[in-house]
$ cat final.pdb   # PDB, C-alpha atoms
ATOM      1  CA  MET A   1      -0.596  12.819  -8.984
ATOM      2  CA  THR A   2      -0.103  11.151 -12.338
ATOM      3  CA  ASN A   3       2.645  10.791 -14.848
ATOM      4  CA  LYS A   4       2.869  14.086 -16.805
ATOM      5  CA  HIS A   5       3.175  12.106 -20.022
ATOM      6  CA  ASP A   6      -0.398  10.884 -19.532
ATOM      7  CA  ASP A   7      -1.553  14.520 -19.649
ATOM      8  CA  HIS A   8       0.176  15.063 -23.012
ATOM      9  CA  ASN A   9      -0.884  11.812 -24.703
ATOM     10  CA  CYS A  10       2.772  10.929 -24.935
ATOM     11  CA  CYS A  11       4.335   7.538 -25.477
ATOM     12  CA  ASN A  12       4.154   6.953 -21.682
ATOM     13  CA  HIS A  13       7.817   6.199 -21.090
ATOM     14  CA  PHE A  14      11.021   8.081 -20.477
ATOM     15  CA  ASP A  15      13.164   7.104 -23.450
ATOM     16  CA  ASP A  16      14.818  10.009 -25.265
ATOM     17  CA  ALA A  17      15.110   7.887 -28.418
ATOM     18  CA  CYS A  18      11.366   7.300 -28.768
ATOM     19  CA  ASP A  19      10.807  10.249 -31.161
ATOM     20  CA  CYS A  20       7.613  11.281 -29.342
ATOM     21  CA  GLY A  21       8.683  14.915 -29.251
ATOM     22  CA  CYS A  22       8.663  15.221 -25.466
ATOM     23  CA  ASP A  23      11.677  16.249 -23.432
ATOM     24  CA  HIS A  24      11.521  13.320 -21.013
ATOM     25  CA  GLU A  25      14.041  14.582 -18.480
ATOM     26  CA  GLU A  26      12.120  17.811 -17.908
ATOM     27  CA  GLU A  27       8.776  15.975 -17.816
ATOM     28  CA  MET A  28       9.568  13.725 -14.819
ATOM     29  CA  ASP A  29       7.695  14.377 -11.605
ATOM     30  CA  ILE A  30       9.892  14.027  -8.527
ATOM     31  CA  ILE A  31       8.661  12.994  -5.077
ATOM     32  CA  THR A  32      10.525  12.683  -1.798
ATOM     33  CA  LEU A  33      10.105   9.497   0.216
ATOM     34  CA  THR A  34      10.720   9.504   3.961
ATOM     35  CA  LEU A  35      12.275   6.175   4.890
ATOM     36  CA  GLU A  36      11.928   4.225   8.154
ATOM     37  CA  ASP A  37      15.165   5.765   9.507
ATOM     38  CA  ASP A  38      13.748   9.267   8.756
ATOM     39  CA  SER A  39      16.204   9.775   5.900
ATOM     40  CA  GLU A  40      14.809  11.088   2.629
ATOM     41  CA  MET A  41      15.138   9.768  -0.905
ATOM     42  CA  GLU A  42      14.125  11.663  -4.054
ATOM     43  CA  CYS A  43      12.509   9.534  -6.744
ATOM     44  CA  ALA A  44      11.290  10.130 -10.266
ATOM     45  CA  ILE A  45       7.796   8.872 -10.977
ATOM     46  CA  LEU A  46       8.057   6.501 -13.916
ATOM     47  CA  GLY A  47       4.329   5.928 -14.068
ATOM     48  CA  VAL A  48       1.112   4.822 -12.438
ATOM     49  CA  PHE A  49      -0.505   1.657 -13.760
ATOM     50  CA  GLU A  50      -3.302  -0.746 -12.898
ATOM     51  CA  VAL A  51      -3.133  -4.459 -12.216
ATOM     52  CA  GLU A  52      -6.234  -6.441 -11.267
ATOM     53  CA  ASP A  53      -8.288  -3.372 -10.226
ATOM     54  CA  LYS A  54      -5.513  -1.879  -8.064
ATOM     55  CA  SER A  55      -3.248   1.039  -8.896
ATOM     56  CA  TYR A  56       0.519   0.834  -8.532
ATOM     57  CA  ILE A  57       3.329   3.343  -8.956
ATOM     58  CA  ALA A  58       6.847   2.807 -10.268
ATOM     59  CA  LEU A  59       9.525   5.052  -8.768
ATOM     60  CA  LEU A  60      13.172   5.444  -9.710
ATOM     61  CA  PRO A  61      15.463   6.831  -6.990
ATOM     62  CA  LEU A  62      17.582   9.638  -8.451
ATOM     63  CA  GLU A  63      20.758   8.144  -6.981
ATOM     64  CA  ASP A  64      20.049   4.495  -7.828
ATOM     65  CA  GLU A  65      18.957   2.403 -10.791
ATOM     66  CA  GLN A  66      16.622   0.010  -8.963
ATOM     67  CA  VAL A  67      12.923   0.605  -9.638
ATOM     68  CA  LEU A  68      10.668   0.694  -6.582
ATOM     69  CA  LEU A  69       7.074  -0.530  -6.850
ATOM     70  CA  TYR A  70       4.327   0.485  -4.430
ATOM     71  CA  GLU A  71       0.566   0.331  -4.263
ATOM     72  CA  TYR A  72      -0.800   3.756  -5.270
ATOM     73  CA  ILE A  73      -3.698   4.901  -3.081
ATOM     74  CA  GLU A  74      -5.505   8.153  -3.903
ATOM     75  CA  ALA A  75      -6.259  10.302  -0.859
ATOM     76  CA  GLU A  76      -7.964  13.657  -0.279
ATOM     77  CA  ASP A  77      -4.641  15.500  -0.080
ATOM     78  CA  GLY A  78      -2.848  13.698  -2.936
ATOM     79  CA  PHE A  79      -1.840  10.080  -2.709
ATOM     80  CA  GLU A  80      -0.337   7.524  -0.349
ATOM     81  CA  LEU A  81       2.049   4.661  -1.011
ATOM     82  CA  GLY A  82       1.326   1.176   0.260
ATOM     83  CA  GLN A  83       3.823  -1.637   0.666
ATOM     84  CA  ILE A  84       3.263  -4.707  -1.490
ATOM     85  CA  GLU A  85       3.508  -7.342   1.235
ATOM     86  CA  ASP A  86       2.478 -10.471  -0.685
ATOM     87  CA  ASP A  87       5.210 -12.138  -2.790
ATOM     88  CA  GLU A  88       2.715 -13.359  -5.399
ATOM     89  CA  GLU A  89       1.181  -9.898  -5.768
ATOM     90  CA  PHE A  90       4.675  -8.367  -6.084
ATOM     91  CA  GLU A  91       5.573 -10.839  -8.830
ATOM     92  CA  ILE A  92       2.397 -10.005 -10.783
ATOM     93  CA  VAL A  93       2.986  -6.248 -10.400
ATOM     94  CA  SER A  94       6.654  -6.619 -11.413
ATOM     95  CA  GLU A  95       5.704  -8.524 -14.557
ATOM     96  CA  ALA A  96       3.109  -5.874 -15.442
ATOM     97  CA  PHE A  97       5.678  -3.110 -14.910
ATOM     98  CA  TYR A  98       8.225  -4.780 -17.186
ATOM     99  CA  ALA A  99       5.571  -5.437 -19.833
ATOM    100  CA  LEU A 100       4.460  -1.790 -19.815
ATOM    101  CA  PHE A 101       7.740   0.063 -19.373
ATOM    102  CA  MET A 102      10.584  -2.198 -20.452
ATOM    103  CA  ASP A 103       9.432  -4.029 -23.614
ATOM    104  CA  ASP A 104      10.317  -1.120 -25.914
ATOM    105  CA  ASP A 105      13.848  -0.952 -24.499
ATOM    106  CA  GLU A 106      14.354  -4.699 -24.897
ATOM    107  CA  ASP A 107      13.095  -4.617 -28.494
ATOM    108  CA  PHE A 108      15.523  -1.779 -29.224
ATOM    109  CA  GLU A 109      18.419  -3.745 -27.690
ATOM    110  CA  ASP A 110      17.468  -6.842 -29.720
ATOM    111  CA  GLU A 111      17.528  -4.782 -32.935
ATOM    112  CA  ASP A 112      20.992  -3.453 -32.049
ATOM    113  CA  GLU A 113      22.264  -6.997 -31.493
ATOM    114  CA  ASP A 114      20.815  -8.116 -34.852
ATOM    115  CA  GLU A 115      22.524  -5.202 -36.633
ATOM    116  CA  ASP A 116      25.857  -6.050 -34.971
ATOM    117  CA  GLU A 117      25.571  -9.669 -36.130
ATOM    118  CA  ASP A 118      24.812  -8.531 -39.693
ATOM    119  CA  GLU A 119      27.907  -6.320 -39.709
ATOM    120  CA  ASP A 120      30.104  -9.224 -38.562
ATOM    121  CA  GLU A 121      29.072 -11.395 -41.530
TER     122      GLU A 121
END
$ encode --input "final.pdb" --output "structure tokens"
Amino acid sequence: MTNKHDDHNCCNHFDDACDCGCDHEEEMDIITLTLEDDSEMECAILGVFEVEDKSYIALLPLEDEQVLLYEYIEAEDGFELGQIEDDEEFEIVSEAFYALFMDDDEDFEDEDEDEDEDEDE
């Protein structure tokens, strides 16, 4: 399973203000995770990305704002999620995620702050 935006040569993120022409909310793939206590959590797939020859997936729980990162392992019947056990590996994957998915949002916020400062002068 991949991010549907990859199939449409989209901007590869879920920001309604990006002017890419996609309806991001309808484009999100949703998966259900079964947790250790057998409860279930629905998550939107933000994207699949590679870091140092491994694939990772970023998930956003529908009832939370904390992004979950897992190793993405392709299997015959779809894909599997692997825990990122190593702290150093998790740090590298986290940095790659923020570089790929969050830079545009931060740039937009910085521009808003600059405009607010200009208005105050």
$ resolve_selection --input "final.pdb" --expression "the PyMOL selection byres ((chain A and resi 31-46) around 6)" --output "PyMOL selection string"
chain A and resi 29-30+47+58-62
$ atom_distance --input "final.pdb" --atom1 "atom CA of Asp86 of chain A" --atom2 "atom CA of Met28 of chain A"
28.9 Å
$ residues_around --input "final.pdb" --residues "segment 66-82 of chain A" --least-positions-apart "6" --cutoff "9 Å" --atoms "only C-alpha atoms" --output "PyMOL selection string"
chain A and resi 1+46+48-49+54-60+90+93-94+97
$ axis_aligned_box --input "final.pdb" --around "segment 70-81 of chain A" --padding-each-side "6 Å" --output "lines of an AutoDock Vina configuration file"
center_x = -1.8
center_y = 7.9
center_z = -2.7
size_x = 24.3
size_y = 27.2
size_z = 17.2
$ atom_distance --input "final.pdb" --atom1 "atom CA of Ile84 of chain A" --atom2 "atom CA of Glu27 of chain A"
26.9 Å
$ atom_distance --input "final.pdb" --atom1 "atom CA of Leu100 of chain A" --atom2 "atom CA of Glu85 of chain A"
21.8 Å
